[in-house]
Amino acid sequence: AAISVFIWAKIINKIGAKKSWQSAILLSVATFIFAAFITSQNYYLFYAICFLSGFAVGADLTAPQLILLDKIKNEENKTSYFAIFSL
């Protein structure tokens, strides 16, 4: 997830934070559908699910804050918005 933040930053610059976050959510849902098919014989599927869902978490670490920042550009107490958002 931490490594994918840099990739998501580039994606966000190209298509925007909202669309990037939506894409990451769809990637997460599509990835976790395959969790129902994991058995002890196909451990490779487990690794793929871990990798792809971790990749999608990178967007969750960046996009929501950028969307919030875009919404509160002209507000006085920006830090309190981020504090409530983090809570």
# chains A, B, ... in the order shown; residues from 1 in each chain; ligands from 1
$ residues_around --residues "A:Ala63" --least-positions-apart "3" --cutoff "9 Å" --atoms "only C-alpha atoms" --output "PyMOL selection string"
chain A and resi 8-9+12+16-18+20-21+58-60+66-68
$ residues_around --residues "A:Leu26" --least-positions-apart "6" --cutoff "12 Å" --atoms "only C-alpha atoms" --output "list in words"
Lys19, Ser20, Phe32, Ile33, Leu52, Ser53, Ala56, Val57 and Ala59 of chain A
$ write_last_selection --atoms "N, CA and C atoms" --output "tab-separated table (two decimals), in the first residue's frame"
chain	number	residue	atom	x	y	z
A	19	LYS	N	-12.36	10.18	-9.20
A	19	LYS	CA	-12.38	9.03	-10.11
A	19	LYS	C	-11.35	7.98	-9.70
A	20	SER	N	-10.22	8.44	-9.20
A	20	SER	CA	-9.19	7.50	-8.74
A	20	SER	C	-9.68	6.69	-7.55
A	32	PHE	N	-11.73	-8.82	-3.93
A	32	PHE	CA	-12.23	-9.64	-2.82
A	32	PHE	C	-13.31	-10.64	-3.24
A	33	ILE	N	-13.84	-10.51	-4.43
A	33	ILE	CA	-14.76	-11.54	-4.95
A	33	ILE	C	-14.02	-12.88	-5.04
A	52	LEU	N	-3.21	-6.96	-4.75
A	52	LEU	CA	-4.15	-6.04	-5.40
A	52	LEU	C	-4.94	-5.22	-4.39
A	53	SER	N	-5.34	-5.84	-3.29
A	53	SER	CA	-6.07	-5.06	-2.28
A	53	SER	C	-5.14	-4.06	-1.59
A	56	ALA	N	-4.84	-1.13	-3.84
A	56	ALA	CA	-6.02	-0.27	-3.78
A	56	ALA	C	-6.04	0.59	-2.52
A	57	VAL	N	-5.46	0.10	-1.44
A	57	VAL	CA	-5.41	0.88	-0.20
A	57	VAL	C	-4.60	2.16	-0.38
A	59	ALA	N	-4.80	4.28	-2.68
A	59	ALA	CA	-5.73	5.36	-3.04
A	59	ALA	C	-6.51	5.82	-1.82
$ atom_distance --atom1 "atom CA of A:Ala2" --atom2 "atom CA of A:Thr31"
18.3 Å
$ residues_around --residues "A:Cys50" --least-positions-apart "3" --cutoff "12 Å" --atoms "only C-alpha atoms" --output "ChimeraX atom specification"
/A:1,28,31-32,34-35,38,43-47,53-57
$ write_last_selection --atoms "all heavy atoms" --output "compact mmCIF listing (two decimals), in the first residue's frame"
# COMPACT_ATOMS: atom_id res chain seq x y z
N ALA A 1 0.83 -1.20 0.00
CA ALA A 1 0.00 0.00 0.00
C ALA A 1 0.87 1.25 0.00
O ALA A 1 0.56 2.21 -0.70
CB ALA A 1 -0.93 -0.02 1.21
N SER A 28 -10.91 -3.01 -5.31
CA SER A 28 -11.02 -3.76 -4.05
C SER A 28 -12.17 -4.76 -4.09
O SER A 28 -12.02 -5.91 -3.70
CB SER A 28 -11.23 -2.81 -2.88
OG SER A 28 -10.12 -2.01 -2.67
N THR A 31 -11.38 -7.56 -6.43
CA THR A 31 -10.34 -8.42 -5.86
C THR A 31 -10.91 -9.36 -4.81
O THR A 31 -10.62 -10.56 -4.81
CB THR A 31 -9.23 -7.55 -5.25
OG1 THR A 31 -8.66 -6.75 -6.28
CG2 THR A 31 -8.16 -8.39 -4.62
N PHE A 32 -11.73 -8.82 -3.93
CA PHE A 32 -12.23 -9.64 -2.82
C PHE A 32 -13.31 -10.64 -3.24
O PHE A 32 -13.64 -11.54 -2.47
CB PHE A 32 -12.72 -8.77 -1.68
CG PHE A 32 -11.59 -8.23 -0.85
CD1 PHE A 32 -11.31 -6.88 -0.84
CD2 PHE A 32 -10.80 -9.09 -0.11
CE1 PHE A 32 -10.26 -6.39 -0.10
CE2 PHE A 32 -9.75 -8.61 0.65
CZ PHE A 32 -9.48 -7.26 0.65
N PHE A 34 -12.75 -12.81 -5.40
CA PHE A 34 -11.97 -14.04 -5.56
C PHE A 34 -11.56 -14.67 -4.23
O PHE A 34 -11.06 -15.80 -4.20
CB PHE A 34 -10.73 -13.77 -6.42
CG PHE A 34 -11.07 -13.44 -7.85
CD1 PHE A 34 -11.06 -12.14 -8.29
CD2 PHE A 34 -11.43 -14.45 -8.72
CE1 PHE A 34 -11.39 -11.83 -9.60
CE2 PHE A 34 -11.75 -14.17 -10.03
CZ PHE A 34 -11.74 -12.85 -10.47
N ALA A 35 -11.78 -13.98 -3.13
CA ALA A 35 -11.45 -14.55 -1.82
C ALA A 35 -12.31 -15.77 -1.50
O ALA A 35 -11.89 -16.65 -0.75
CB ALA A 35 -11.61 -13.50 -0.73
N ILE A 38 -10.48 -19.19 -2.47
CA ILE A 38 -9.18 -19.55 -1.92
C ILE A 38 -9.26 -20.90 -1.21
O ILE A 38 -10.13 -21.12 -0.37
CB ILE A 38 -8.67 -18.49 -0.94
CG1 ILE A 38 -8.39 -17.19 -1.67
CG2 ILE A 38 -7.42 -18.97 -0.22
CD1 ILE A 38 -7.96 -16.07 -0.76
N TYR A 43 -2.59 -21.09 -3.12
CA TYR A 43 -2.03 -20.02 -2.31
C TYR A 43 -1.65 -18.81 -3.16
O TYR A 43 -1.61 -17.69 -2.69
CB TYR A 43 -0.82 -20.50 -1.51
CG TYR A 43 0.28 -21.05 -2.36
CD1 TYR A 43 1.27 -20.22 -2.85
CD2 TYR A 43 0.31 -22.39 -2.71
CE1 TYR A 43 2.28 -20.71 -3.65
CE2 TYR A 43 1.30 -22.90 -3.51
CZ TYR A 43 2.29 -22.06 -3.97
OH TYR A 43 3.28 -22.55 -4.77
N TYR A 44 -1.38 -19.02 -4.44
CA TYR A 44 -1.03 -17.93 -5.34
C TYR A 44 -2.19 -16.94 -5.46
O TYR A 44 -1.98 -15.74 -5.62
CB TYR A 44 -0.63 -18.46 -6.72
CG TYR A 44 -1.70 -19.31 -7.35
CD1 TYR A 44 -2.68 -18.72 -8.15
CD2 TYR A 44 -1.75 -20.69 -7.16
CE1 TYR A 44 -3.67 -19.49 -8.73
CE2 TYR A 44 -2.74 -21.46 -7.74
CZ TYR A 44 -3.71 -20.85 -8.51
OH TYR A 44 -4.70 -21.61 -9.07
N LEU A 45 -3.42 -17.44 -5.36
CA LEU A 45 -4.59 -16.56 -5.39
C LEU A 45 -4.61 -15.67 -4.14
O LEU A 45 -4.94 -14.48 -4.22
CB LEU A 45 -5.87 -17.39 -5.48
CG LEU A 45 -7.18 -16.63 -5.65
CD1 LEU A 45 -7.16 -15.78 -6.91
CD2 LEU A 45 -8.35 -17.61 -5.71
N PHE A 46 -4.23 -16.22 -3.01
CA PHE A 46 -4.14 -15.44 -1.79
C PHE A 46 -3.13 -14.31 -1.94
O PHE A 46 -3.39 -13.16 -1.55
CB PHE A 46 -3.75 -16.34 -0.61
CG PHE A 46 -3.47 -15.60 0.66
CD1 PHE A 46 -4.51 -15.09 1.42
CD2 PHE A 46 -2.17 -15.41 1.09
CE1 PHE A 46 -4.25 -14.40 2.59
CE2 PHE A 46 -1.90 -14.72 2.26
CZ PHE A 46 -2.95 -14.22 3.00
N TYR A 47 -1.98 -14.60 -2.51
CA TYR A 47 -0.95 -13.58 -2.72
C TYR A 47 -1.43 -12.50 -3.69
O TYR A 47 -1.16 -11.31 -3.49
CB TYR A 47 0.35 -14.19 -3.23
CG TYR A 47 1.04 -15.06 -2.22
CD1 TYR A 47 1.55 -16.30 -2.57
CD2 TYR A 47 1.19 -14.66 -0.90
CE1 TYR A 47 2.19 -17.10 -1.65
CE2 TYR A 47 1.83 -15.46 0.03
CZ TYR A 47 2.33 -16.68 -0.35
OH TYR A 47 2.95 -17.46 0.57
N SER A 53 -5.34 -5.84 -3.29
CA SER A 53 -6.07 -5.06 -2.28
C SER A 53 -5.14 -4.06 -1.59
O SER A 53 -5.54 -2.94 -1.27
CB SER A 53 -6.73 -5.98 -1.27
OG SER A 53 -5.77 -6.73 -0.55
N GLY A 54 -3.90 -4.44 -1.38
CA GLY A 54 -2.92 -3.50 -0.84
C GLY A 54 -2.66 -2.34 -1.79
O GLY A 54 -2.51 -1.19 -1.36
N PHE A 55 -2.62 -2.65 -3.06
CA PHE A 55 -2.46 -1.59 -4.06
C PHE A 55 -3.63 -0.62 -4.00
O PHE A 55 -3.44 0.60 -4.09
CB PHE A 55 -2.35 -2.22 -5.45
CG PHE A 55 -2.14 -1.22 -6.55
CD1 PHE A 55 -0.89 -0.66 -6.76
CD2 PHE A 55 -3.18 -0.84 -7.36
CE1 PHE A 55 -0.69 0.27 -7.77
CE2 PHE A 55 -2.99 0.09 -8.37
CZ PHE A 55 -1.74 0.65 -8.58
N ALA A 56 -4.84 -1.13 -3.84
CA ALA A 56 -6.02 -0.27 -3.78
C ALA A 56 -6.04 0.59 -2.52
O ALA A 56 -6.57 1.70 -2.52
CB ALA A 56 -7.29 -1.12 -3.85
N VAL A 57 -5.46 0.10 -1.44
CA VAL A 57 -5.41 0.88 -0.20
C VAL A 57 -4.60 2.16 -0.38
O VAL A 57 -4.85 3.17 0.28
CB VAL A 57 -4.85 0.01 0.96
CG1 VAL A 57 -4.51 0.84 2.17
CG2 VAL A 57 -5.84 -1.05 1.34
$ atom_distance --atom1 "atom CA of A:Ile72" --atom2 "atom CA of A:Ser86"
15.1 Å
$ closest_residue --among "A:Leu69, A:Val29, A:Ser23, A:Phe82" --to "A:Ile49" --atoms "only C-alpha atoms"
A:Val29
$ closest_residue --among "A:Asp70, A:Ser80, A:Ala24, A:Ala48" --to "A:Val5" --atoms "only C-alpha atoms"
A:Ala24
$ select_by_dssp --residues "chain A" --states "helix (DSSP H, G or I)" --output "PyMOL selection string"
chain A and resi 4-15+17-37+43-71+78-86
$ closest_residue --among "A:Ala36, A:Tyr81, A:Thr62, A:Glu75" --to "A:Asn13" --atoms "only C-alpha atoms"
A:Thr62
